[in-house]
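A.B. asks: protein-v5.cif is reproduced below (mmCIF, C-alpha atoms (C1' of nucleotides)).
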data_start
loop_
_atom_site.label_atom_id
_atom_site.label_comp_id
_atom_site.auth_asym_id
_atom_site.auth_seq_id
_atom_site.Cartn_x
_atom_site.Cartn_y
_atom_site.Cartn_z
CA MET A 2 6.73 -7.51 -6.05
CA ASP A 3 3.37 -7.12 -4.33
CA LYS A 4 4.82 -7.58 -0.84
CA LEU A 5 7.42 -4.98 -1.69
CA PHE A 6 4.95 -2.31 -2.78
CA LYS A 7 2.64 -3.10 0.14
CA ALA A 8 5.57 -2.78 2.55
CA LEU A 9 6.46 0.63 1.15
CA ALA A 10 2.83 1.80 1.22
CA ASP A 11 2.89 2.59 4.94
CA GLY A 12 4.42 5.81 6.21
CA THR A 13 5.60 4.27 9.47
CA ARG A 14 7.52 1.60 7.58
CA ARG A 15 9.13 4.17 5.29
CA GLU A 16 10.12 6.04 8.44
CA LEU A 17 11.75 2.89 9.82
CA LEU A 18 13.73 2.51 6.60
CA ASP A 19 14.79 6.13 6.95
CA LEU A 20 15.99 5.45 10.50
CA LEU A 21 18.04 2.49 9.30
CA PHE A 22 19.38 4.58 6.45
CA VAL A 23 20.72 7.12 8.95
CA HIS A 24 22.07 4.49 11.33
CA ASN A 25 22.14 0.92 10.10
CA GLY A 26 22.04 -2.10 12.39
CA GLN A 27 19.75 -0.75 15.11
CA THR A 28 18.00 -3.00 17.59
CA LEU A 29 14.23 -3.12 17.98
CA GLY A 30 14.51 -1.12 21.20
CA GLU A 31 16.56 1.61 19.55
CA LEU A 32 14.11 1.91 16.69
CA CYS A 33 11.21 2.11 19.14
CA LYS A 34 12.73 5.12 20.90
CA HIS A 35 12.15 7.14 17.74
CA MET A 36 8.57 5.96 17.21
CA THR A 37 5.41 6.94 19.06
CA MET A 38 3.57 3.60 18.95
CA SER A 39 4.02 0.50 21.07
CA ARG A 40 6.95 -1.86 20.66
CA GLN A 41 4.65 -4.60 19.37
CA ALA A 42 3.32 -2.34 16.65
CA VAL A 43 6.87 -1.56 15.54
CA THR A 44 7.65 -5.29 15.56
CA LYS A 45 4.76 -5.95 13.21
CA HIS A 46 6.00 -3.30 10.79
CA LEU A 47 9.51 -4.73 10.90
CA VAL A 48 8.19 -8.22 10.15
CA ILE A 49 6.48 -6.84 7.05
CA LEU A 50 9.73 -5.13 6.02
CA GLU A 51 11.61 -8.40 6.60
CA GLU A 52 9.11 -10.38 4.52
CA ALA A 53 9.53 -7.85 1.72
CA ASP A 54 13.26 -8.44 2.09
CA LEU A 55 13.81 -4.74 2.72
CA VAL A 56 15.32 -5.41 6.13
CA THR A 57 17.67 -8.21 7.13
CA VAL A 58 18.02 -9.32 10.73
CA VAL A 59 21.06 -10.49 12.63
CA TRP A 60 20.59 -11.89 16.12
CA GLN A 61 23.25 -10.98 18.61
CA GLY A 62 22.50 -12.52 22.00
CA ARG A 63 19.09 -11.22 23.03
CA GLU A 64 19.33 -8.27 20.67
CA LYS A 65 17.95 -8.20 17.17
CA LEU A 66 19.94 -6.01 14.82
CA HIS A 67 18.16 -4.62 11.76
CA TYR A 68 19.95 -3.88 8.52
CA LEU A 69 18.54 -2.07 5.51
CA ASN A 70 18.65 -4.10 2.32
CA PRO A 71 18.51 -1.75 -0.66
CA VAL A 72 18.38 -4.49 -3.30
CA PRO A 73 14.57 -4.76 -3.59
CA ILE A 74 14.40 -0.99 -3.98
CA GLY A 75 16.70 -1.34 -6.93
CA GLU A 76 14.40 -4.00 -8.33
CA ILE A 77 11.45 -1.63 -8.17
CA TYR A 78 13.41 0.81 -10.21
CA HIS A 79 14.64 -1.60 -12.84
CA ARG A 80 11.61 -3.85 -13.26
CA TRP A 81 8.80 -1.42 -12.79
CA ILE A 82 9.74 2.22 -12.62
CA GLY A 83 12.27 1.92 -15.40
CA LYS A 84 9.70 1.06 -18.02
CA PHE A 85 7.66 4.17 -17.30
CA GLU A 86 10.66 6.43 -16.90
CA ARG A 87 12.14 5.28 -20.21
CA ARG A 88 9.20 6.66 -22.10
CA ARG A 89 8.59 9.53 -19.75
CA ILE A 90 9.12 12.20 -22.36
CA ASP A 91 7.08 10.35 -24.98
CA ALA A 92 4.14 9.86 -22.65
CA LEU A 93 4.17 13.50 -21.62
CA GLN A 94 4.15 14.47 -25.27
CA THR A 95 1.14 12.23 -25.90
CA LEU A 96 -0.66 13.70 -22.91
CA LYS A 97 0.10 17.22 -24.03
CA GLN A 98 -1.27 16.51 -27.49
CA ALA A 99 -4.44 14.98 -26.06
CA LEU A 100 -5.02 18.02 -23.87
CA GLU A 101 -4.48 20.35 -26.81
CA GLU A 102 -6.84 18.39 -29.02
CA ASP A 103 -9.48 18.48 -26.31
CA SER A 104 -9.28 22.21 -25.69
CA SER A 105 -9.56 22.82 -29.44
CA HIS A 106 -12.99 21.11 -29.33
CA GLU A 107 -14.43 23.60 -26.83
CA MET B 1 4.07 10.96 -1.43
CA ASP B 2 1.85 8.78 0.75
CA LYS B 3 -1.01 8.78 -1.76
CA LEU B 4 1.45 7.79 -4.44
CA PHE B 5 2.83 4.77 -2.56
CA LYS B 6 -0.65 3.73 -1.47
CA ALA B 7 -1.88 3.93 -5.06
CA LEU B 8 0.96 1.72 -6.24
CA ALA B 9 0.43 -0.77 -3.42
CA ASP B 10 -2.52 -2.47 -5.13
CA GLY B 11 -1.93 -5.03 -7.86
CA THR B 12 -5.09 -4.13 -9.74
CA ARG B 13 -4.01 -0.50 -9.96
CA ARG B 14 -0.55 -1.47 -11.19
CA GLU B 15 -2.29 -3.59 -13.79
CA LEU B 16 -4.33 -0.59 -14.90
CA LEU B 17 -1.13 1.43 -15.27
CA ASP B 18 0.30 -1.41 -17.34
CA LEU B 19 -2.77 -1.33 -19.59
CA LEU B 20 -2.34 2.40 -20.13
CA PHE B 21 1.35 1.90 -20.74
CA VAL B 22 0.53 -0.49 -23.59
CA HIS B 23 -2.24 1.68 -25.00
CA ASN B 24 -2.57 5.19 -23.61
CA GLY B 25 -5.83 7.14 -23.60
CA GLN B 26 -8.29 4.28 -23.03
CA THR B 27 -11.83 4.87 -21.84
CA LEU B 28 -13.23 3.38 -18.65
CA GLY B 29 -15.17 0.83 -20.71
CA GLU B 30 -12.08 -0.27 -22.62
CA LEU B 31 -10.11 -0.71 -19.41
CA CYS B 32 -12.95 -2.72 -17.88
CA LYS B 33 -12.86 -5.24 -20.72
CA HIS B 34 -9.43 -6.35 -19.53
CA MET B 35 -10.42 -6.59 -15.87
CA THR B 36 -12.45 -9.23 -14.09
CA MET B 37 -14.20 -7.03 -11.51
CA SER B 38 -17.19 -4.72 -11.90
CA ARG B 39 -17.02 -1.38 -13.67
CA GLN B 40 -17.62 0.46 -10.39
CA ALA B 41 -14.67 -1.28 -8.77
CA VAL B 42 -12.43 -0.23 -11.65
CA THR B 43 -13.74 3.33 -11.34
CA LYS B 44 -12.72 3.41 -7.68
CA HIS B 45 -9.21 2.27 -8.55
CA LEU B 46 -8.94 4.88 -11.27
CA VAL B 47 -10.03 7.62 -8.86
CA ILE B 48 -7.22 6.60 -6.53
CA LEU B 49 -4.76 6.69 -9.43
CA GLU B 50 -6.07 10.13 -10.43
CA GLU B 51 -5.70 11.45 -6.88
CA ALA B 52 -2.14 10.18 -6.85
CA ASP B 53 -1.67 12.08 -10.11
CA LEU B 54 -0.62 8.87 -11.85
CA VAL B 55 -3.47 9.11 -14.33
CA THR B 56 -4.85 12.21 -16.03
CA VAL B 57 -8.35 12.32 -17.43
CA VAL B 58 -9.67 14.02 -20.54
CA TRP B 59 -13.44 14.08 -21.13
CA GLN B 60 -14.54 13.66 -24.69
CA GLY B 61 -18.34 13.75 -24.92
CA ARG B 62 -19.64 10.96 -22.75
CA GLU B 63 -16.30 9.16 -22.80
CA LYS B 64 -13.57 9.53 -20.22
CA LEU B 65 -10.09 9.06 -21.64
CA HIS B 66 -7.32 7.98 -19.26
CA TYR B 67 -3.70 8.94 -19.75
CA LEU B 68 -0.72 7.64 -17.85
CA ASN B 69 1.30 10.33 -16.13
CA PRO B 70 4.81 9.03 -15.46
CA VAL B 71 6.00 12.14 -13.58
CA PRO B 72 5.14 10.93 -10.04
CA ILE B 73 6.93 7.66 -10.76
CA GLY B 74 10.00 9.70 -11.55
CA GLU B 75 9.56 11.51 -8.24
CA ILE B 76 9.59 8.24 -6.35
CA TYR B 77 12.88 7.44 -7.93
CA HIS B 78 14.52 10.78 -7.33
CA ARG B 79 13.18 11.63 -3.89
CA TRP B 80 13.05 8.25 -2.24
CA ILE B 81 14.58 5.40 -4.17
CA GLY B 82 17.56 7.43 -5.24
CA LYS B 83 18.89 7.88 -1.75
CA PHE B 84 18.96 4.14 -1.11
CA GLU B 85 20.28 3.25 -4.54
CA ARG B 86 23.12 5.74 -4.22
CA ARG B 87 24.56 3.89 -1.28
CA ARG B 88 23.46 0.48 -2.45
CA ILE B 89 26.98 -0.93 -2.64
CA ASP B 90 27.98 0.61 0.70
CA ALA B 91 24.96 -0.76 2.48
CA LEU B 92 25.50 -4.22 1.06
CA GLN B 93 29.07 -4.07 2.24
CA THR B 94 27.94 -3.12 5.76
CA LEU B 95 25.41 -5.95 5.75
CA LYS B 96 28.02 -8.43 4.57
CA GLN B 97 30.40 -7.37 7.32
CA ALA B 98 27.70 -7.68 9.95
CA LEU B 99 26.84 -11.18 8.80
CA GLU B 100 30.50 -12.20 8.81
CA GLU B 101 31.02 -10.77 12.30
CA ASP B 102 28.01 -12.64 13.54
CA SER B 103 28.99 -16.01 12.13
CA SER B 104 32.46 -15.59 13.64
CA HIS B 105 30.81 -15.48 17.09
CA GLU B 106 29.25 -18.93 16.71
"C1'" DT C 28 -38.11 12.02 -28.79
"C1'" DT C 29 -36.89 7.68 -27.55
"C1'" DG C 30 -33.71 4.09 -26.67
"C1'" DA C 31 -29.02 2.67 -26.01
"C1'" DC C 32 -24.64 3.59 -24.13
"C1'" DA C 33 -20.93 5.62 -20.88
"C1'" DT C 34 -20.30 7.00 -16.63
"C1'" DG C 35 -21.35 8.74 -11.61
"C1'" DC C 36 -23.11 8.31 -6.86
"C1'" DA C 37 -24.36 5.95 -2.59
"C1'" DA C 38 -25.26 2.17 0.61
"C1'" DC C 39 -23.74 -2.02 2.05
"C1'" DT C 40 -20.53 -6.18 3.04
"C1'" DA C 41 -16.28 -8.72 3.64
"C1'" DA C 42 -11.66 -8.74 4.40
"C1'" DA C 43 -7.27 -6.72 5.36
"C1'" DT C 44 -4.59 -3.39 8.05
"C1'" DT C 45 -3.05 -1.06 12.11
"C1'" DG C 46 -3.02 -0.54 16.50
"C1'" DT C 47 -3.76 -2.12 21.44
"C1'" DT C 48 -2.96 -5.09 25.83
"C1'" DG C 49 -1.49 -9.17 28.48
"C1'" DC C 50 1.43 -12.82 29.07
"C1'" DA C 51 5.50 -15.89 27.80
"C1'" DT C 52 10.38 -16.73 26.88
"C1'" DA C 53 15.21 -16.14 26.60
"C1'" DT C 54 19.46 -13.60 27.70
"C1'" DA C 55 22.32 -10.54 30.61
"C1'" DA C 56 23.79 -8.56 34.98
"C1'" DT C 57 24.09 -8.38 40.11
"C1'" DA D 6 19.58 -17.56 42.00
"C1'" DT D 7 17.18 -13.51 41.27
"C1'" DT D 8 16.04 -9.57 38.83
"C1'" DA D 9 16.02 -6.67 34.88
"C1'" DT D 10 16.13 -6.36 29.91
"C1'" DA D 11 14.98 -7.59 24.97
"C1'" DT D 12 11.99 -9.70 22.37
"C1'" DG D 13 7.99 -12.98 20.82
"C1'" DC D 14 3.17 -14.58 20.57
"C1'" DA D 15 -1.82 -14.20 20.62
"C1'" DA D 16 -6.34 -12.21 21.22
"C1'" DC D 17 -8.89 -8.27 20.54
"C1'" DA D 18 -10.84 -3.64 18.58
"C1'" DA D 19 -11.00 0.16 15.27
"C1'" DT D 20 -10.19 1.70 10.81
"C1'" DT D 21 -9.37 1.30 6.01
"C1'" DT D 22 -9.78 -1.08 1.77
"C1'" DA D 23 -11.85 -3.56 -2.02
"C1'" DG D 24 -15.52 -5.31 -3.76
"C1'" DT D 25 -20.63 -5.65 -4.60
"C1'" DT D 26 -25.47 -3.99 -6.18
"C1'" DG D 27 -29.03 -0.59 -7.39
"C1'" DC D 28 -30.29 3.61 -9.21
"C1'" DA D 29 -29.37 8.30 -11.38
"C1'" DT D 30 -27.46 11.31 -14.96
"C1'" DG D 31 -25.76 12.82 -19.25
"C1'" DT D 32 -24.69 12.03 -24.27
"C1'" DC D 33 -25.10 9.89 -28.81
"C1'" DA D 34 -27.87 7.85 -32.55
"C1'" DA D 35 -32.12 6.38 -34.99
#
Output the file's structure as structure tokens, nothing else.

C.D. replies:
Amino acid sequence: MDKLFKALADGTRRELLDLLFVHNGQTLGELCKHMTMSRQAVTKHLVILEEADLVTVVWQGREKLHYLNPVPIGEIYHRWIGKFERRRIDALQTLKQALEEDSSHE
Amino acid sequence: MDKLFKALADGTRRELLDLLFVHNGQTLGELCKHMTMSRQAVTKHLVILEEADLVTVVWQGREKLHYLNPVPIGEIYHRWIGKFERRRIDALQTLKQALEEDSSHE
DNA sequence: TTGACATGCAACTAAATTGTTGCATATAAT
DNA sequence: ATTATATGCAACAATTTAGTTGCATGTCAA
């Protein structure tokens, strides 16, 4: 779970996921064309995405095809976001009450 | 959106959110009791959570009460996770096909 | 008012992150 | 075979991050 959140923490990596979302199965070279940094920098980001299991790689000859894997994203939702979302209304209500109590003390 | 992902990237900060989820409205001192690091370190993490709008603060005398704000979490789901989840099945299908094509080349 | 308690601010250190460049290796095309 | 293409590996530098410690400030309680 930590690798997953860390992978998503970087804007460049989220951009790479966006690129794969638009056109899945791109090679490293293709992805680099859309980025401003060096190829090696992009490689490093992709490795992090692979280790977080957000991207799956298929070698085809000398080309490395990158596929978006949406499963871990789903896990974030179900295992972590879900629990906060479930009580979203309740928590907001609690917060609202706390704020009202506080302003009544002034 | 970047501040939000960066805030969630750290395990300690996710732990703090979990603590507030269990018992909302805790003071800095109360939160520190559950953590191993120094009070100042916890403060820094809380500031980052506040700047990401994940935690809202209410001052009560000399005590600082911390409330979990689940709204930004909901935004992650709707603005970013949603788009991948929506096509989750499709993307998995594409990935599966790619893997099958590849193994047929061997 | 004095002492204890809750928190803030700032300087410093260590480690992780993000990028670079140079060179190596493997595959494809002429 | 030779050359061009696609990618990998490793060393380095700059920045950010996560933690520490020491001291200051503001509030409650005796």

A.B. asks: Just need the residues of chain A within 6 Å of chain B, counting all atoms listed in the file, so spit them out as number ranges by chain.

C.D. replies: A: 6-7, 10, 71, 85, 89

A.B. asks: Translate the PyMOL selection byres ((chain A) within 7 of (chain C)) into a concrete residue list for this structure, as a list in words.

C.D. replies: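 The output of the PyMOL selection byres ((chain A) within 7 of (chain C)) on this file is Ala42, Gly62 and Arg63 of chain A.
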
A.B. asks: Using all atoms listed in the file, which chain D residues lie at most 9 Å away from chain A, written as a ChimeraX atom specification?

C.D. replies: /D:10-12

A.B. asks: To one decimal place, how far is atom CA of Leu54 of chain B from atom C1' of DA29 of chain D in Å?

C.D. replies: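 That distance, rounded to one decimal, is 28.8 Å.
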
A.B. asks: How would chain A read as a PDB file with C-alpha atoms, in the coordinates of the input after a least-squares superposition onto chain B over every Cα atom, matched in order?

C.D. replies:
ATOM      1  CA  MET A   2       4.124  10.899  -1.450  1.00  0.00           C
ATOM      2  CA  ASP A   3       1.879   8.745   0.722  1.00  0.00           C
ATOM      3  CA  LYS A   4      -0.984   8.756  -1.788  1.00  0.00           C
ATOM      4  CA  LEU A   5       1.489   7.752  -4.456  1.00  0.00           C
ATOM      5  CA  PHE A   6       2.856   4.737  -2.597  1.00  0.00           C
ATOM      6  CA  LYS A   7      -0.635   3.699  -1.491  1.00  0.00           C
ATOM      7  CA  ALA A   8      -1.846   3.916  -5.094  1.00  0.00           C
ATOM      8  CA  LEU A   9       0.980   1.676  -6.268  1.00  0.00           C
ATOM      9  CA  ALA A  10       0.422  -0.810  -3.430  1.00  0.00           C
ATOM     10  CA  ASP A  11      -2.512  -2.509  -5.153  1.00  0.00           C
ATOM     11  CA  GLY A  12      -1.937  -5.069  -7.881  1.00  0.00           C
ATOM     12  CA  THR A  13      -5.100  -4.157  -9.766  1.00  0.00           C
ATOM     13  CA  ARG A  14      -3.996  -0.534  -9.979  1.00  0.00           C
ATOM     14  CA  ARG A  15      -0.534  -1.506 -11.206  1.00  0.00           C
ATOM     15  CA  GLU A  16      -2.290  -3.621 -13.822  1.00  0.00           C
ATOM     16  CA  LEU A  17      -4.326  -0.601 -14.925  1.00  0.00           C
ATOM     17  CA  LEU A  18      -1.126   1.412 -15.301  1.00  0.00           C
ATOM     18  CA  ASP A  19       0.293  -1.430 -17.366  1.00  0.00           C
ATOM     19  CA  LEU A  20      -2.776  -1.342 -19.620  1.00  0.00           C
ATOM     20  CA  LEU A  21      -2.360   2.395 -20.136  1.00  0.00           C
ATOM     21  CA  PHE A  22       1.331   1.890 -20.775  1.00  0.00           C
ATOM     22  CA  VAL A  23       0.505  -0.492 -23.629  1.00  0.00           C
ATOM     23  CA  HIS A  24      -2.275   1.685 -25.020  1.00  0.00           C
ATOM     24  CA  ASN A  25      -2.601   5.177 -23.617  1.00  0.00           C
ATOM     25  CA  GLY A  26      -5.842   7.143 -23.592  1.00  0.00           C
ATOM     26  CA  GLN A  27      -8.299   4.298 -23.015  1.00  0.00           C
ATOM     27  CA  THR A  28     -11.837   4.882 -21.827  1.00  0.00           C
ATOM     28  CA  LEU A  29     -13.228   3.379 -18.635  1.00  0.00           C
ATOM     29  CA  GLY A  30     -15.182   0.849 -20.690  1.00  0.00           C
ATOM     30  CA  GLU A  31     -12.101  -0.266 -22.598  1.00  0.00           C
ATOM     31  CA  LEU A  32     -10.121  -0.710 -19.411  1.00  0.00           C
ATOM     32  CA  CYS A  33     -12.961  -2.718 -17.876  1.00  0.00           C
ATOM     33  CA  LYS A  34     -12.902  -5.234 -20.728  1.00  0.00           C
ATOM     34  CA  HIS A  35      -9.476  -6.355 -19.541  1.00  0.00           C
ATOM     35  CA  MET A  36     -10.431  -6.600 -15.864  1.00  0.00           C
ATOM     36  CA  THR A  37     -12.503  -9.226 -14.082  1.00  0.00           C
ATOM     37  CA  MET A  38     -14.227  -7.006 -11.502  1.00  0.00           C
ATOM     38  CA  SER A  39     -17.205  -4.704 -11.872  1.00  0.00           C
ATOM     39  CA  ARG A  40     -17.009  -1.361 -13.635  1.00  0.00           C
ATOM     40  CA  GLN A  41     -17.580   0.479 -10.356  1.00  0.00           C
ATOM     41  CA  ALA A  42     -14.644  -1.273  -8.748  1.00  0.00           C
ATOM     42  CA  VAL A  43     -12.416  -0.235 -11.647  1.00  0.00           C
ATOM     43  CA  THR A  44     -13.715   3.331 -11.312  1.00  0.00           C
ATOM     44  CA  LYS A  45     -12.682   3.411  -7.674  1.00  0.00           C
ATOM     45  CA  HIS A  46      -9.172   2.257  -8.548  1.00  0.00           C
ATOM     46  CA  LEU A  47      -8.908   4.874 -11.280  1.00  0.00           C
ATOM     47  CA  VAL A  48      -9.992   7.609  -8.866  1.00  0.00           C
ATOM     48  CA  ILE A  49      -7.174   6.581  -6.533  1.00  0.00           C
ATOM     49  CA  LEU A  50      -4.725   6.664  -9.456  1.00  0.00           C
ATOM     50  CA  GLU A  51      -6.040  10.111 -10.433  1.00  0.00           C
ATOM     51  CA  GLU A  52      -5.667  11.425  -6.879  1.00  0.00           C
ATOM     52  CA  ALA A  53      -2.089  10.156  -6.851  1.00  0.00           C
ATOM     53  CA  ASP A  54      -1.659  12.052 -10.109  1.00  0.00           C
ATOM     54  CA  LEU A  55      -0.591   8.860 -11.858  1.00  0.00           C
ATOM     55  CA  VAL A  56      -3.450   9.101 -14.332  1.00  0.00           C
ATOM     56  CA  THR A  57      -4.822  12.208 -16.015  1.00  0.00           C
ATOM     57  CA  VAL A  58      -8.332  12.320 -17.423  1.00  0.00           C
ATOM     58  CA  VAL A  59      -9.660  14.025 -20.513  1.00  0.00           C
ATOM     59  CA  TRP A  60     -13.406  14.095 -21.078  1.00  0.00           C
ATOM     60  CA  GLN A  61     -14.523  13.666 -24.638  1.00  0.00           C
ATOM     61  CA  GLY A  62     -18.312  13.775 -24.879  1.00  0.00           C
ATOM     62  CA  ARG A  63     -19.602  10.996 -22.645  1.00  0.00           C
ATOM     63  CA  GLU A  64     -16.290   9.166 -22.746  1.00  0.00           C
ATOM     64  CA  LYS A  65     -13.556   9.526 -20.186  1.00  0.00           C
ATOM     65  CA  LEU A  66     -10.092   9.054 -21.619  1.00  0.00           C
ATOM     66  CA  HIS A  67      -7.324   7.979 -19.243  1.00  0.00           C
ATOM     67  CA  TYR A  68      -3.710   8.942 -19.754  1.00  0.00           C
ATOM     68  CA  LEU A  69      -0.720   7.633 -17.838  1.00  0.00           C
ATOM     69  CA  ASN A  70       1.300  10.336 -16.129  1.00  0.00           C
ATOM     70  CA  PRO A  71       4.816   9.052 -15.489  1.00  0.00           C
ATOM     71  CA  VAL A  72       6.006  12.128 -13.589  1.00  0.00           C
ATOM     72  CA  PRO A  73       5.142  10.930 -10.055  1.00  0.00           C
ATOM     73  CA  ILE A  74       6.943   7.673 -10.792  1.00  0.00           C
ATOM     74  CA  GLY A  75      10.003   9.712 -11.563  1.00  0.00           C
ATOM     75  CA  GLU A  76       9.561  11.512  -8.263  1.00  0.00           C
ATOM     76  CA  ILE A  77       9.583   8.221  -6.387  1.00  0.00           C
ATOM     77  CA  TYR A  78      12.867   7.432  -7.984  1.00  0.00           C
ATOM     78  CA  HIS A  79      14.540  10.759  -7.373  1.00  0.00           C
ATOM     79  CA  ARG A  80      13.208  11.638  -3.928  1.00  0.00           C
ATOM     80  CA  TRP A  81      13.019   8.265  -2.313  1.00  0.00           C
ATOM     81  CA  ILE A  82      14.571   5.408  -4.208  1.00  0.00           C
ATOM     82  CA  GLY A  83      17.563   7.447  -5.261  1.00  0.00           C
ATOM     83  CA  LYS A  84      18.838   7.904  -1.743  1.00  0.00           C
ATOM     84  CA  PHE A  85      18.905   4.173  -1.090  1.00  0.00           C
ATOM     85  CA  GLU A  86      20.251   3.278  -4.504  1.00  0.00           C
ATOM     86  CA  ARG A  87      23.091   5.790  -4.194  1.00  0.00           C
ATOM     87  CA  ARG A  88      24.520   3.938  -1.253  1.00  0.00           C
ATOM     88  CA  ARG A  89      23.441   0.534  -2.426  1.00  0.00           C
ATOM     89  CA  ILE A  90      26.937  -0.867  -2.608  1.00  0.00           C
ATOM     90  CA  ASP A  91      27.958   0.666   0.717  1.00  0.00           C
ATOM     91  CA  ALA A  92      24.937  -0.720   2.524  1.00  0.00           C
ATOM     92  CA  LEU A  93      25.493  -4.178   1.093  1.00  0.00           C
ATOM     93  CA  GLN A  94      29.079  -4.022   2.269  1.00  0.00           C
ATOM     94  CA  THR A  95      27.939  -3.085   5.776  1.00  0.00           C
ATOM     95  CA  LEU A  96      25.424  -5.916   5.784  1.00  0.00           C
ATOM     96  CA  LYS A  97      28.013  -8.382   4.584  1.00  0.00           C
ATOM     97  CA  GLN A  98      30.403  -7.346   7.335  1.00  0.00           C
ATOM     98  CA  ALA A  99      27.696  -7.665   9.982  1.00  0.00           C
ATOM     99  CA  LEU A 100      26.833 -11.162   8.798  1.00  0.00           C
ATOM    100  CA  GLU A 101      30.486 -12.170   8.831  1.00  0.00           C
ATOM    101  CA  GLU A 102      31.018 -10.781  12.307  1.00  0.00           C
ATOM    102  CA  ASP A 103      27.975 -12.661  13.542  1.00  0.00           C
ATOM    103  CA  SER A 104      28.972 -16.016  12.097  1.00  0.00           C
ATOM    104  CA  SER A 105      32.432 -15.621  13.639  1.00  0.00           C
ATOM    105  CA  HIS A 106      30.744 -15.520  17.080  1.00  0.00           C
ATOM    106  CA  GLU A 107      29.161 -18.964  16.682  1.00  0.00           C
TER     107      GLU A 107
END

A.B. asks: Can you tell me how far atom CA of Leu19 of chain B sits from atom CA of Cys32 of chain B, in Å to one decimal?

C.D. replies: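 If I compute the distance from atom CA of Leu19 of chain B to atom CA of Cys32 of chain B, I get 10.4 Å.
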
A.B. asks: So the first atom is atom C1' of DC33 of chain D and the second is atom CA of Glu51 of chain B; what is the distance between them in Å, to one decimal place?

C.D. replies: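 Pair atom C1' of DC33 of chain D / atom CA of Glu51 of chain B returns 29.3 Å.
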
A.B. asks: Please return the centre and edge lengths, in Å to one decimal, of a box with edges along x, y and z that contains all listed atoms of segment 17-27 of chain D, widened by 5 Å on every side, as AutoDock Vina command-line options.

C.D. replies:
--center_x -19.0 --center_y -3.3 --center_z 6.6 --size_x 30.1 --size_y 20.0 --size_z 37.9
